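Structure data (compact mmCIF, C-alpha atoms) from coords04.txt:
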# COMPACT_ATOMS: atom_id res chain seq x y z
CA MET A 1496 -45.76 4.62 16.01
CA ARG A 1497 -42.54 6.64 16.06
CA LEU A 1498 -41.68 8.29 12.76
CA ALA A 1499 -38.39 9.92 11.81
CA VAL A 1500 -37.99 12.35 8.93
CA LEU A 1501 -34.42 12.64 7.70
CA ALA A 1502 -33.42 16.23 6.89
CA TYR A 1503 -30.29 17.45 5.12
CA GLN A 1504 -28.57 20.58 3.85
CA GLY A 1505 -30.46 22.18 0.98
CA ILE A 1506 -33.75 20.40 1.71
CA SER A 1507 -36.91 21.74 0.14
CA PRO A 1508 -39.19 23.18 2.86
CA PHE A 1509 -42.17 21.79 0.96
CA MET A 1510 -40.78 18.26 0.88
CA LEU A 1511 -39.92 18.45 4.59
CA SER A 1512 -43.40 19.69 5.45
CA THR A 1513 -45.18 16.90 3.55
CA PRO A 1514 -44.84 14.08 6.13
CA LEU A 1515 -45.13 16.62 8.96
CA ALA A 1516 -48.48 17.81 7.59
CA VAL A 1517 -49.89 14.29 7.39
CA PHE A 1518 -48.50 12.75 10.60
CA GLY A 1519 -47.95 15.80 12.80
CA GLU A 1520 -50.17 17.80 15.10
CA PRO A 1521 -52.67 19.35 15.16
CA PHE A 1522 -54.30 17.01 12.65
CA VAL A 1523 -53.52 13.46 13.74
CA ALA A 1524 -55.46 12.08 16.68
CA SER A 1525 -54.02 8.55 16.52
CA GLY A 1526 -50.98 9.14 18.70
CA HIS A 1527 -48.12 8.92 16.24
CA GLN A 1528 -44.91 10.70 17.22
CA ILE A 1529 -42.91 12.32 14.43
CA GLU A 1530 -39.47 13.91 14.70
CA VAL A 1531 -37.09 15.57 12.27
CA CYS A 1532 -33.56 14.15 12.50
CA ALA A 1533 -30.42 15.50 10.86
CA GLY A 1534 -26.66 15.18 10.98
CA THR A 1535 -26.32 18.80 12.09
CA SER A 1536 -28.50 21.02 14.25
CA ARG A 1537 -28.70 23.88 11.72
CA LEU A 1538 -29.69 23.35 8.10
CA MET A 1539 -29.72 25.74 5.17
CA ALA A 1540 -32.90 24.96 3.24
CA SER A 1541 -33.74 26.13 -0.24
CA ALA A 1542 -34.97 29.71 -0.76
CA GLY A 1543 -32.51 30.96 1.88
CA LEU A 1544 -34.34 29.50 4.87
CA THR A 1545 -32.55 28.23 7.97
CA ILE A 1546 -33.99 25.30 9.91
CA GLU A 1547 -33.07 24.35 13.47
CA VAL A 1548 -33.21 20.59 14.14
CA SER A 1549 -33.22 19.30 17.71
CA ARG A 1550 -32.78 15.58 17.05
CA PRO A 1551 -29.57 13.98 15.73
CA LEU A 1552 -29.58 11.54 12.84
CA ASP A 1553 -28.91 8.66 15.23
CA ALA A 1554 -32.34 9.22 16.78
CA ALA A 1555 -33.84 7.70 13.63
CA ARG A 1556 -32.60 4.32 14.87
CA GLU A 1557 -35.48 4.35 17.38
CA ALA A 1558 -38.19 4.94 14.77
CA ASP A 1559 -40.74 2.48 13.38
CA VAL A 1560 -41.00 4.50 10.15
CA VAL A 1561 -38.13 6.38 8.50
CA ILE A 1562 -38.88 8.88 5.74
CA LEU A 1563 -36.45 10.55 3.34
CA PRO A 1564 -38.34 13.52 1.86
CA GLY A 1565 -36.60 14.08 -1.46
CA TRP A 1566 -32.98 14.89 -2.16
CA ARG A 1567 -31.42 18.12 -3.34
CA ASP A 1568 -30.09 16.92 -6.72
CA ALA A 1569 -30.57 13.70 -8.69
CA ASP A 1570 -27.00 14.00 -9.98
CA GLU A 1571 -25.51 14.22 -6.47
CA PRO A 1572 -25.07 11.00 -4.47
CA VAL A 1573 -27.17 10.82 -1.31
CA SER A 1574 -24.87 11.31 1.68
CA ALA A 1575 -23.41 8.16 3.26
CA ASP A 1576 -24.82 8.87 6.73
CA ILE A 1577 -28.38 9.04 5.38
CA VAL A 1578 -27.87 5.89 3.29
CA ASP A 1579 -26.60 4.10 6.40
CA ALA A 1580 -29.63 5.27 8.40
CA LEU A 1581 -32.00 3.96 5.72
CA ARG A 1582 -30.22 0.61 5.53
CA ALA A 1583 -30.20 0.22 9.32
CA ALA A 1584 -33.90 1.01 9.50
CA HIS A 1585 -34.71 -1.67 6.95
CA VAL A 1586 -32.53 -4.28 8.69
CA ARG A 1587 -34.36 -3.82 11.99
CA GLY A 1588 -37.77 -4.09 10.29
CA ALA A 1589 -38.86 -0.46 10.11
CA ILE A 1590 -40.96 0.89 7.24
CA VAL A 1591 -38.76 2.99 4.96
CA VAL A 1592 -40.20 5.68 2.69
CA GLY A 1593 -38.52 7.65 -0.11
CA LEU A 1594 -40.51 10.65 -1.32
CA CYS A 1595 -39.69 12.03 -4.77
CA LEU A 1596 -35.88 11.95 -5.21
CA GLY A 1597 -35.68 10.25 -1.82
CA ALA A 1598 -36.09 7.05 -3.84
CA PHE A 1599 -32.47 7.55 -4.94
CA GLY A 1600 -31.40 7.19 -1.30
CA LEU A 1601 -33.34 3.95 -0.88
CA ALA A 1602 -31.87 2.57 -4.08
CA GLU A 1603 -28.35 3.56 -3.01
CA ALA A 1604 -28.94 1.66 0.24
CA GLY A 1605 -29.83 -1.43 -1.79
CA LEU A 1606 -33.41 -1.50 -0.49
CA LEU A 1607 -35.07 -1.40 -3.90
CA ASP A 1608 -33.20 -4.22 -5.66
CA GLY A 1609 -35.76 -6.62 -7.10
CA ARG A 1610 -38.61 -4.29 -6.17
CA ARG A 1611 -40.93 -1.88 -7.94
CA ALA A 1612 -40.35 1.80 -7.22
CA THR A 1613 -41.14 5.23 -8.59
CA THR A 1614 -39.68 8.72 -8.45
CA HIS A 1615 -40.23 12.08 -10.12
CA TRP A 1616 -41.06 11.45 -13.80
CA ALA A 1617 -38.39 13.92 -14.96
CA HIS A 1618 -35.66 11.80 -13.35
CA SER A 1619 -37.06 8.31 -13.93
CA GLU A 1620 -34.69 7.53 -16.83
CA THR A 1621 -31.67 8.56 -14.77
CA PHE A 1622 -32.98 6.45 -11.88
CA ALA A 1623 -33.51 3.38 -14.07
CA ALA A 1624 -30.07 3.67 -15.69
CA ARG A 1625 -28.29 4.11 -12.36
CA TYR A 1626 -30.14 1.29 -10.59
CA PRO A 1627 -30.87 -1.47 -13.14
CA GLY A 1628 -31.92 -3.88 -10.39
CA VAL A 1629 -35.00 -1.76 -9.66
CA THR A 1630 -38.25 -2.12 -11.61
CA VAL A 1631 -39.10 1.53 -12.21
CA ASP A 1632 -42.78 2.44 -12.57
CA ALA A 1633 -42.28 5.90 -13.99
CA GLY A 1634 -46.00 6.66 -14.18
CA ALA A 1635 -47.20 5.77 -10.69
CA LEU A 1636 -47.94 8.37 -8.01
CA PHE A 1637 -46.50 6.02 -5.39
CA VAL A 1638 -45.53 2.37 -5.02
CA ASP A 1639 -46.18 0.34 -1.85
CA GLU A 1640 -43.93 -2.71 -1.54
CA GLY A 1641 -44.90 -3.47 2.03
CA SER A 1642 -41.96 -2.34 4.15
CA ILE A 1643 -40.71 -0.03 1.38
CA LEU A 1644 -42.65 2.86 -0.17
CA THR A 1645 -41.60 5.36 -2.84
CA SER A 1646 -43.47 8.29 -4.32
CA ALA A 1647 -43.30 10.42 -7.41
CA GLY A 1648 -42.57 14.14 -7.40
CA ILE A 1649 -43.60 16.89 -5.02
CA ALA A 1650 -47.34 16.74 -4.23
CA SER A 1651 -47.60 12.97 -4.73
CA GLY A 1652 -45.67 12.68 -1.47
CA LEU A 1653 -48.93 13.69 0.22
CA ASP A 1654 -50.70 10.80 -1.49
CA CYS A 1655 -48.00 8.39 -0.36
CA CYS A 1656 -48.08 9.64 3.24
CA LEU A 1657 -51.89 9.53 3.36
CA HIS A 1658 -51.76 5.97 2.02
CA LEU A 1659 -49.27 5.03 4.73
CA LEU A 1660 -51.45 6.70 7.37
CA ALA A 1661 -54.37 4.59 6.14
CA ARG A 1662 -52.24 1.50 6.64
CA LEU A 1663 -51.23 2.51 10.15
CA SER A 1664 -54.44 4.09 11.46
CA GLY A 1665 -57.21 3.12 9.06
CA ILE A 1666 -58.71 4.70 5.99
CA GLY A 1667 -61.14 6.77 8.06
CA GLU A 1668 -58.29 8.60 9.77
CA ALA A 1669 -56.51 9.14 6.45
CA ASN A 1670 -59.66 10.56 4.89
CA ARG A 1671 -60.15 12.86 7.87
CA ILE A 1672 -56.62 14.21 7.50
CA ALA A 1673 -57.11 14.60 3.76
CA ARG A 1674 -60.19 16.72 4.40
CA SER A 1675 -58.26 18.83 6.90
CA LEU A 1676 -55.50 19.37 4.35
CA VAL A 1677 -58.07 20.02 1.60
CA VAL A 1678 -56.60 17.37 -0.69
CA ALA A 1679 -58.26 14.53 -2.53
CA PRO A 1680 -58.54 11.29 -0.52
CA GLN A 1681 -57.79 7.86 -2.01
CA ARG A 1682 -55.71 8.93 -5.00
CA ALA A 1683 -54.44 5.51 -5.97
CA GLY A 1684 -50.75 4.82 -6.29
CA ALA A 1685 -51.30 3.47 -9.78
CA GLN A 1686 -52.84 6.73 -10.94
CA PRO A 1687 -50.55 8.25 -13.59
CA GLN A 1688 -48.36 11.24 -12.67
CA LEU A 1689 -49.30 12.98 -15.91
CA ILE A 1690 -52.91 12.66 -17.04
CA GLU A 1691 -55.36 14.70 -19.06
CA ARG A 1692 -58.24 15.80 -16.88
CA PRO A 1693 -61.65 17.16 -17.84
CA ALA A 1694 -61.92 20.91 -17.50
CA LEU A 1695 -62.34 21.76 -13.83
CA GLY A 1696 -65.86 22.78 -13.01
CA SER A 1697 -67.24 21.52 -16.34
CA SER A 1698 -70.68 19.95 -16.46
CA ALA A 1699 -69.18 16.57 -17.40
CA ASP A 1700 -66.71 16.75 -14.50
CA ARG A 1701 -69.51 17.46 -12.03
CA ARG A 1702 -71.65 14.61 -13.34
CA VAL A 1703 -68.77 12.13 -13.11
CA THR A 1704 -68.05 13.36 -9.58
CA GLU A 1705 -71.68 12.72 -8.62
CA ILE A 1706 -71.48 9.18 -10.03
CA LEU A 1707 -68.28 8.39 -8.12
CA GLU A 1708 -69.58 9.88 -4.86
CA MET A 1709 -72.81 7.90 -5.21
CA LEU A 1710 -70.80 4.68 -5.62
CA ARG A 1711 -68.49 5.63 -2.74
CA ALA A 1712 -71.52 6.07 -0.46
CA ASN A 1713 -73.07 2.79 -1.66
CA PRO A 1714 -70.21 0.49 -2.68
CA TRP A 1715 -72.46 -2.56 -2.49
CA ALA A 1716 -74.72 -1.20 -5.23
CA VAL A 1717 -74.31 -3.00 -8.56
CA SER A 1718 -74.87 -0.70 -11.55
CA ALA A 1719 -74.11 -1.52 -15.15
CA LEU A 1720 -71.74 0.87 -16.87
CA ASP A 1721 -74.42 1.62 -19.48
CA ASP A 1722 -76.86 2.62 -16.72
CA LEU A 1723 -74.27 4.88 -15.09
CA ALA A 1724 -73.49 6.45 -18.47
CA ALA A 1725 -77.18 7.16 -19.04
CA ARG A 1726 -77.43 8.69 -15.56
CA ALA A 1727 -74.45 10.91 -16.37
CA GLY A 1728 -75.94 11.86 -19.73
CA MET A 1729 -72.96 10.65 -21.75
CA SER A 1730 -71.88 7.67 -23.77
CA ARG A 1731 -70.33 4.59 -22.17
CA ARG A 1732 -67.05 5.39 -23.90
CA SER A 1733 -67.06 9.00 -22.70
CA LEU A 1734 -67.84 8.00 -19.11
CA THR A 1735 -65.03 5.43 -19.17
CA ARG A 1736 -62.59 8.07 -20.45
CA HIS A 1737 -63.62 10.58 -17.76
CA ILE A 1738 -63.34 7.98 -14.99
CA ARG A 1739 -59.90 6.91 -16.17
CA ALA A 1740 -58.81 10.57 -16.19
CA ARG A 1741 -60.12 11.04 -12.65
CA THR A 1742 -58.89 7.80 -11.09
CA GLY A 1743 -56.05 6.58 -13.30
CA GLY A 1744 -57.80 3.28 -14.04
CA SER A 1745 -61.08 1.57 -14.76
CA LEU A 1746 -64.29 1.94 -12.78
CA GLY A 1747 -63.90 -1.63 -11.54
CA GLU A 1748 -60.39 -0.97 -10.20
CA TRP A 1749 -61.50 2.20 -8.42
CA LEU A 1750 -64.59 0.54 -6.99
CA LYS A 1751 -62.52 -2.35 -5.61
CA ARG A 1752 -60.31 0.14 -3.73
CA VAL A 1753 -63.40 1.90 -2.36
CA ARG A 1754 -64.86 -1.42 -1.20
CA VAL A 1755 -61.61 -2.43 0.49
CA ALA A 1756 -61.51 0.98 2.21
CA ARG A 1757 -65.08 0.50 3.46
CA ALA A 1758 -64.16 -2.95 4.78
CA GLN A 1759 -61.15 -1.43 6.57
CA ASP A 1760 -63.43 1.10 8.25
CA MET A 1761 -65.88 -1.58 9.33
CA LEU A 1762 -63.24 -3.95 10.68
CA ALA A 1763 -61.47 -1.15 12.54
CA ALA A 1764 -64.80 -0.15 14.10
CA GLY A 1765 -65.25 -3.68 15.47
CA ALA A 1766 -67.46 -5.34 12.84
CA ARG A 1767 -67.65 -9.12 13.24
CA GLY A 1768 -68.18 -11.80 10.63
CA LEU A 1769 -66.12 -11.47 7.48
CA GLU A 1770 -68.93 -12.80 5.30
CA ASP A 1771 -71.27 -10.04 6.48
CA VAL A 1772 -68.58 -7.38 6.05
CA ALA A 1773 -67.89 -8.61 2.54
CA LEU A 1774 -71.55 -8.42 1.49
CA ARG A 1775 -72.04 -4.97 3.04
CA CYS A 1776 -69.01 -3.69 1.14
CA GLY A 1777 -70.03 -5.06 -2.24
CA PHE A 1778 -68.02 -8.28 -2.40
CA PRO A 1779 -69.84 -11.52 -3.29
CA ASP A 1780 -68.34 -13.43 -0.36
CA ALA A 1781 -65.53 -13.51 2.22
CA PRO A 1782 -62.96 -15.20 -0.10
CA ALA A 1783 -63.43 -12.36 -2.61
CA LEU A 1784 -62.80 -9.83 0.17
CA ARG A 1785 -59.65 -11.70 1.24
CA ARG A 1786 -58.35 -11.71 -2.34
CA ALA A 1787 -59.02 -7.97 -2.70
CA PHE A 1788 -57.27 -7.22 0.60
CA ARG A 1789 -54.23 -9.22 -0.40
CA ALA A 1790 -54.08 -7.61 -3.84
CA GLU A 1791 -54.53 -4.06 -2.50
CA LEU A 1792 -52.69 -4.21 0.84
CA GLY A 1793 -50.54 -7.33 0.68
CA LEU A 1794 -52.31 -8.64 3.81
CA THR A 1795 -55.36 -10.69 4.70
CA PRO A 1796 -58.12 -8.89 6.64
CA SER A 1797 -57.06 -10.62 9.87
CA GLN A 1798 -53.40 -9.71 9.31
CA TRP A 1799 -54.34 -6.09 8.59
CA LEU A 1800 -56.54 -5.89 11.68
CA ALA A 1801 -53.79 -7.37 13.85
CA ARG A 1802 -51.40 -4.73 12.56
CA GLN A 1803 -53.86 -1.96 13.46
CA ARG A 1804 -54.15 -3.30 17.00
CA THR A 1805 -50.38 -3.53 17.33
CA SER A 1806 -49.98 0.03 16.05

Could you write out this structure as structure tokens?
Amino acid sequence: MRLAVLAYQGISPFMLSTPLAVFGEPFVASGHQIEVCAGTSRLMASAGLTIEVSRPLDAAREADVVILPGWRDADEPVSADIVDALRAAHVRGAIVVGLCLGAFGLAEAGLLDGRRATTHWAHSETFAARYPGVTVDAGALFVDEGSILTSAGIASGLDCCLHLLARLSGIGEANRIARSLVVAPQRAGAQPQLIERPALGSSADRRVTEILEMLRANPWAVSALDDLAARAGMSRRSLTRHIRARTGGSLGEWLKRVRVARAQDMLAAGARGLEDVALRCGFPDAPALRRAFRAELGLTPSQWLARQRTS
């Protein structure tokens, strides 16, 4: 896959580095090529930094994935040349990604009309008022609409890029990169941007972590919530609250994502027989696995596997 990151005057070095950290060397072993493209060869970034860019903006027309990492000001229109590049990418079938305020560029290009999208929570009201045709999910970390992805503010761009990497190269590769970057793998897009978390390092936090890691290692295991609560030494209600704070949803929702991820790993590794894969991942049968794939990824298992082979 060829990926293009669109840079601009006043770009945040952190936002620019986000897709480069996930898709660039030395971490990725899956052969993706990523380039920074800009309308001028020298950019003044925030904090007084100067960035030299070797690829022109037109080079983005050759990319399979085009990423706009933020924008310098929500009150300033995204430049016309970047909007044109985003629109052209979508027309030719590329995946287009808007990280943080980059969602404003996608909306300006008309790519988000009739779609769900997110952006930084502090600018979500401005975004919704300016683009009434977009269904704004102000709480989500990122939103995957297939060929269009948007993320919330700053660090959630990492979650969005890791999610995209999982789509392109498999969940195993995404988890490997997450470990290299020392960030949490599989933070779901639906997880709220602003949540109350248990105190880091608390006894309750450690016990909930042990429960989730046990289920991640054995996603086929069926355990009643009351049994898990007893194992954690807390009430059912308390365990539910802690899990929601950690994952942004219910235990069932999180476990379904884990099971889909395990199925992705197995299929990518060459596992045969969807019924067997389903049972080994904790689904009752192959139709249940297909439904979970379609709900989580917008693809059937065979469609997802074909995309991995093409990539």

Fewer than 6 positions away in the same chain doesn't count, so skip those; otherwise give me all residues within 10 Å of range 1707-1712 of chain A, counting all atoms listed in the file, as a PDB file with C-alpha atoms, keeping the file's coordinate frame.
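Final output, around-v3.pdb:
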ATOM      1  CA  ARG A1701     -69.510  17.460 -12.030  1.00  0.00           C
ATOM      2  CA  SER A1718     -74.870  -0.700 -11.550  1.00  0.00           C
ATOM      3  CA  LEU A1723     -74.270   4.880 -15.090  1.00  0.00           C
ATOM      4  CA  ILE A1738     -63.340   7.980 -14.990  1.00  0.00           C
ATOM      5  CA  ARG A1741     -60.120  11.040 -12.650  1.00  0.00           C
ATOM      6  CA  THR A1742     -58.890   7.800 -11.090  1.00  0.00           C
ATOM      7  CA  LEU A1746     -64.290   1.940 -12.780  1.00  0.00           C
ATOM      8  CA  TRP A1749     -61.500   2.200  -8.420  1.00  0.00           C
ATOM      9  CA  LEU A1750     -64.590   0.540  -6.990  1.00  0.00           C
ATOM     10  CA  ARG A1752     -60.310   0.140  -3.730  1.00  0.00           C
ATOM     11  CA  VAL A1753     -63.400   1.900  -2.360  1.00  0.00           C
ATOM     12  CA  ARG A1754     -64.860  -1.420  -1.200  1.00  0.00           C
ATOM     13  CA  ALA A1756     -61.510   0.980   2.210  1.00  0.00           C
ATOM     14  CA  ARG A1757     -65.080   0.500   3.460  1.00  0.00           C
TER      15      ARG A1757
END

Nearest residue to Glu1705 in chain A from the set A:Leu1794, A:Val1677, A:Ala1727, A:Ala1650 (distances using only C-alpha atoms): A:Ala1727

Nearest candidate to Met1510 in chain A (options A:Ala1575, A:Leu1596, A:Ala1724, A:Ala1555; using only C-alpha atoms): A:Leu1596

Counting all atoms listed in the file, the residue of A:Leu1501, A:Leu1636, A:Leu1552, A:Ser1797 that sits nearest Gly1600 in chain A: A:Leu1501

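With distances restricted to only C-alpha atoms, A:Ile1649 is the closest residue to Pro1508 in chain A from A:Asp1579, A:His1615, A:Ile1649, A:Thr1704.
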
Selected residue of minimal separation from Ala1542 in chain A among A:Ser1507, A:Ile1643, A:Pro1564, A:Thr1614, counting all atoms listed in the file: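 Using all atoms listed in the file, Ala1542 in chain A sits closest to A:Ser1507.
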
Atomic separation - CA of Ala1669 in chain A relative to CA of Val1560 in chain A, Å: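 According to the coordinates, CA of Val1560 in chain A and CA of Ala1669 in chain A are separated by 16.6 Å.
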
Nearest to Leu1659 in chain A, chosen from A:Ala1781, A:Met1729, A:Val1517, A:Ser1512, with only C-alpha atoms counted in the distances: A:Val1517

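Taking CA of Ser1664 in chain A and CA of Phe1518 in chain A as endpoints, the distance between them is 10.5 Å.
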
Atom pair CA of Leu1762 in chain A / CA of Ala1673 in chain A: separation (Å): 20.7 Å

Neighbours of point (-26.4, 8.6, -6.7) within 9 Å, using all atoms listed in the file, written as a list in words: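 Residues found, by chain and rising number: Ala1569, Asp1570, Glu1571, Pro1572, Val1573, Ser1574, Phe1599, Gly1600, Ala1602, Glu1603, Phe1622 and Arg1625 of chain A.
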